[in-house]
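K.L.:
This is the structure I want to talk about, given as structure tokens.
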Amino acid sequence: MTPLEDDNILEQILLRLLTCPSSLPRAAAVCKRWRRLMSDPHFRRRFRAHHREPPLLGIFLRPIGMGHVFHSILDPTDAIPLKRFSFWAHHDAADVVIDRELQKCLEFIVWDPVTGNRRCAAVPPEFENKDMFFNNSAVLCAAGDQSHVHSGECDTNHFQVVLIGCFGDGTEWFRCVYSSVTGEWGDISSTATPGIYNMRTPVFLKLTPTYDLFSFFISI
Amino acid sequence: MAAPESGDGNNGAARMVTLISSDNTRFEVEAAAASLSQTLQLTILDGGGGGGDGIPLPNVDSATLSKVLEYCIKHAPAAANGGAPNATAVDRAELERFDNEFVNIDQSVLYSLIMAAHNLEIEGLQSLVAKKVADMIKGKSPMEIRRTLGFPDPTPEEQAEMNAHMLEYGWAYE
């Protein structure tokens, strides 16, 4: 008997495979037994817990006049094609409800494409100010526990939403943070626009636990 | 005040235990090193393995046990220090260098080590050898993985299943 015939040992090995998207599909093609073990939800959970940091697969961009598009930032082998995102067909209907003419975000929906859980909330009245334009948003897990594993254990009822955008004259950016725990938006804070940006510059949200407005800005 | 008593035994001398491989070779080793094995730890705590008795390990041959003990002896000081939270970067780098060298071995030896680490429940070693196998197959195609690990050629039925799976995840092979 080789060690790989022992399910416990095999699992210990497979848990240590790379997190890049091509890694598990390739290993799962090796044989039926590997496929069975790796498709077990318990394995998936342990895999996420073992690696803790999920890989960044890509970004959603919203070119002017178009819906969101997914753009992989990985090599072609690890570039998950759009059709693998089964939620995509519903995405435009779900994401945020936008008045196309005013580019106003009237309601946001936080959607976990894995579990299908959704949470909706209206944006505060100040956001109806015609001079405020949203540029990007991000969802942060609000769990503060050190042992917490993001994505593996994130509670879709316990999160924060960060919206950033700029004022109409392009001189100032603002951010506002929503807490699912309180169900309320925090104060809107703003800062002068860094010189190299303008209101049409797409913005990445770099997710850091202690988010500072400028830590969000990465030019693309 | 008396000097702190050594946790290992009397008069500061490290307590030794004897392990007996499947081919009847006797290995005398510090109890602290052998205790990295969860399997042996209870026996050792109960006072076993000392003197002329020895602890028989019918599933581990002498070549493998020798290798296992090399690992345990190297890692015992850090383990005794609660995973060495205060270890210096130099200490950690040295252990990492040792680990990398340690698993730079033939596949048959690696497989024997995996079984021994599993039977003896040596957590750090289990993790190390599992990582080594995972590294051996990273970036490889399913067929290359099979060859690397010494799997027999797939039957036509298995081949058809592999092809179907690869077709479904075609992007992962581009």
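Chain labels run A, B, ... following the order of the structure tokens; each chain numbers its residues from 1, and ligands are numbered from 1 in the order shown.
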Restrict the distance test to only C-alpha atoms, flag each residue of chain B within 7 Å of chain A, and return the flagged residues as JSON, numbers by chain.
P.N.:
{"B": [111, 114, 115, 130, 131, 133, 134, 138, 141, 142, 143, 146, 162, 165, 166, 169, 171, 172, 173, 174]}
K.L.:
Generate the output file for the selected residues, N, CA, C and O atoms, as a short mmCIF file (atom, residue, chain, number, x, y, z; two decimals), in the first residue's frame.
P.N.:
data_model
loop_
_atom_site.label_atom_id
_atom_site.label_comp_id
_atom_site.auth_asym_id
_atom_site.auth_seq_id
_atom_site.Cartn_x
_atom_site.Cartn_y
_atom_site.Cartn_z
N TYR B 111 7.92 8.24 0.75
CA TYR B 111 6.70 7.50 1.04
C TYR B 111 6.79 6.78 2.39
O TYR B 111 5.83 6.74 3.16
N ILE B 114 6.29 9.32 5.02
CA ILE B 114 4.88 9.73 5.14
C ILE B 114 4.14 8.73 6.02
O ILE B 114 3.39 9.13 6.93
N MET B 115 4.35 7.45 5.75
CA MET B 115 3.65 6.43 6.54
C MET B 115 4.08 6.50 8.01
O MET B 115 3.25 6.43 8.92
N ALA B 130 3.72 16.13 3.45
CA ALA B 130 2.55 16.37 2.60
C ALA B 130 2.81 17.56 1.67
O ALA B 130 2.48 17.54 0.48
N LYS B 131 3.45 18.59 2.21
CA LYS B 131 3.80 19.76 1.41
C LYS B 131 4.76 19.38 0.29
O LYS B 131 4.66 19.88 -0.84
N VAL B 133 5.00 16.50 -1.29
CA VAL B 133 4.28 15.82 -2.38
C VAL B 133 3.45 16.85 -3.17
O VAL B 133 3.41 16.83 -4.40
N ALA B 134 2.81 17.76 -2.45
CA ALA B 134 2.03 18.80 -3.13
C ALA B 134 2.93 19.62 -4.05
O ALA B 134 2.54 19.95 -5.17
N LYS B 138 2.72 20.36 -8.31
CA LYS B 138 2.18 21.68 -8.64
C LYS B 138 2.53 22.06 -10.08
O LYS B 138 3.64 21.79 -10.55
N SER B 141 0.18 18.69 -15.39
CA SER B 141 -1.09 18.23 -15.95
C SER B 141 -1.50 16.96 -15.21
O SER B 141 -0.67 16.32 -14.55
N PRO B 142 -2.78 16.55 -15.34
CA PRO B 142 -3.22 15.34 -14.64
C PRO B 142 -2.35 14.12 -15.00
O PRO B 142 -2.01 13.32 -14.13
N MET B 143 -2.00 13.98 -16.28
CA MET B 143 -1.20 12.84 -16.68
C MET B 143 0.20 12.91 -16.09
O MET B 143 0.75 11.90 -15.64
N ARG B 146 0.04 11.85 -12.51
CA ARG B 146 -0.03 10.38 -12.39
C ARG B 146 1.35 9.77 -12.54
O ARG B 146 1.74 8.88 -11.77
N MET B 162 -11.06 11.32 -17.52
CA MET B 162 -10.09 12.42 -17.42
C MET B 162 -10.32 13.43 -18.54
O MET B 162 -10.33 14.64 -18.30
N HIS B 165 -13.35 15.56 -17.91
CA HIS B 165 -13.10 16.55 -16.86
C HIS B 165 -12.23 17.68 -17.39
O HIS B 165 -12.48 18.87 -17.12
N MET B 166 -11.22 17.32 -18.19
CA MET B 166 -10.31 18.34 -18.73
C MET B 166 -11.03 19.23 -19.74
O MET B 166 -10.73 20.41 -19.86
N TYR B 169 -12.97 21.80 -17.81
CA TYR B 169 -12.11 22.84 -17.24
C TYR B 169 -10.99 23.19 -18.22
O TYR B 169 -9.84 23.38 -17.81
N TRP B 171 -10.02 25.76 -19.69
CA TRP B 171 -9.24 26.98 -19.45
C TRP B 171 -8.07 26.73 -18.51
O TRP B 171 -7.08 27.46 -18.54
N ALA B 172 -8.17 25.68 -17.68
CA ALA B 172 -7.10 25.41 -16.72
C ALA B 172 -5.89 24.76 -17.39
O ALA B 172 -4.89 24.49 -16.75
N TYR B 173 -6.01 24.47 -18.68
CA TYR B 173 -4.91 23.78 -19.37
C TYR B 173 -4.35 24.62 -20.51
O TYR B 173 -3.56 24.14 -21.29
N GLU B 174 -4.80 25.85 -20.62
CA GLU B 174 -4.35 26.66 -21.75
C GLU B 174 -2.91 27.12 -21.58
O GLU B 174 -2.46 27.28 -20.46
#
K.L.:
Just want the 9 Å neighbourhood of Met136 of chain B, counted on only C-alpha atoms, with same-chain residues fewer than 5 positions away dropped. Output as a ChimeraX atom specification.
P.N.:
/B:131,145,148-149
K.L.:
Got a sec: who's within 10 Å of segment 15-20 of chain B, counting only C-alpha atoms, leaving out chain neighbours fewer than 5 positions off, as an NGL selection string?
P.N.:
:B and (6-10 or 25-35 or 40 or 44 or 47-58 or 60-62 or 65 or 69)
K.L.:
Those residues you just picked out, can you put them in a file as a compact mmCIF listing (two decimals), in the first residue's frame with C-alpha atoms?
P.N.:
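The new file result-v1.txt reads:
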# COMPACT_ATOMS: atom_id res chain seq x y z
CA SER B 6 14.70 20.16 34.35
CA GLY B 7 11.45 18.87 32.94
CA ASP B 8 13.30 15.92 31.53
CA GLY B 9 14.33 14.11 34.63
CA ASN B 10 16.77 14.02 37.51
CA THR B 25 17.45 -2.08 15.74
CA ARG B 26 17.46 -0.14 18.98
CA PHE B 27 17.58 3.67 18.98
CA GLU B 28 18.25 5.59 22.15
CA VAL B 29 16.91 9.10 21.97
CA GLU B 30 15.94 11.91 24.31
CA ALA B 31 12.38 11.57 25.55
CA ALA B 32 11.69 15.16 24.50
CA ALA B 33 12.51 14.31 20.88
CA ALA B 34 10.53 11.06 20.85
CA SER B 35 7.59 12.90 22.40
CA LEU B 40 4.69 7.72 21.77
CA ILE B 44 6.70 8.05 27.56
CA GLY B 47 7.39 6.15 32.19
CA GLY B 48 7.69 3.61 29.37
CA GLY B 49 10.59 3.16 26.99
CA GLY B 50 13.32 3.55 29.59
CA GLY B 51 15.95 1.12 30.73
CA GLY B 52 16.13 -2.17 28.90
CA ASP B 53 12.49 -2.21 27.86
CA GLY B 54 12.30 -0.06 24.78
CA ILE B 55 9.17 0.72 22.75
CA PRO B 56 8.68 -1.59 19.77
CA LEU B 57 7.62 0.08 16.52
CA PRO B 58 6.59 -2.84 14.30
CA VAL B 60 8.78 1.41 11.07
CA ASP B 61 12.04 -0.02 9.71
CA SER B 62 15.41 1.16 10.97
CA LEU B 65 13.15 5.45 12.02
CA LEU B 69 14.50 10.70 14.67
K.L.:
Hey, what's within 9 Å of Glu121 of chain B if we count only C-alpha atoms and toss same-chain stuff fewer than 5 positions away? As a list in words, please?
P.N.:
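Within the cut-off, the hits are Leu36, Ser37, Gln38, Thr39, Leu40, Ala116 and Gln126 of chain B.
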K.L.:
Between B:Ile137, B:Glu123, B:Ser66, B:Gln107, which one has atoms that come closest to Ala79 of chain B, using only C-alpha atoms?
P.N.:
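Among the listed residues, the smallest separation from Ala79 of chain B belongs to B:Glu123.
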K.L.:
Which residue gives the smallest distance to Tyr71 of chain B among B:Asn100, B:Gln159, B:Thr43, B:Thr88, with only C-alpha atoms counted?
P.N.:
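Under the stated criterion, the closest residue is B:Asn100.
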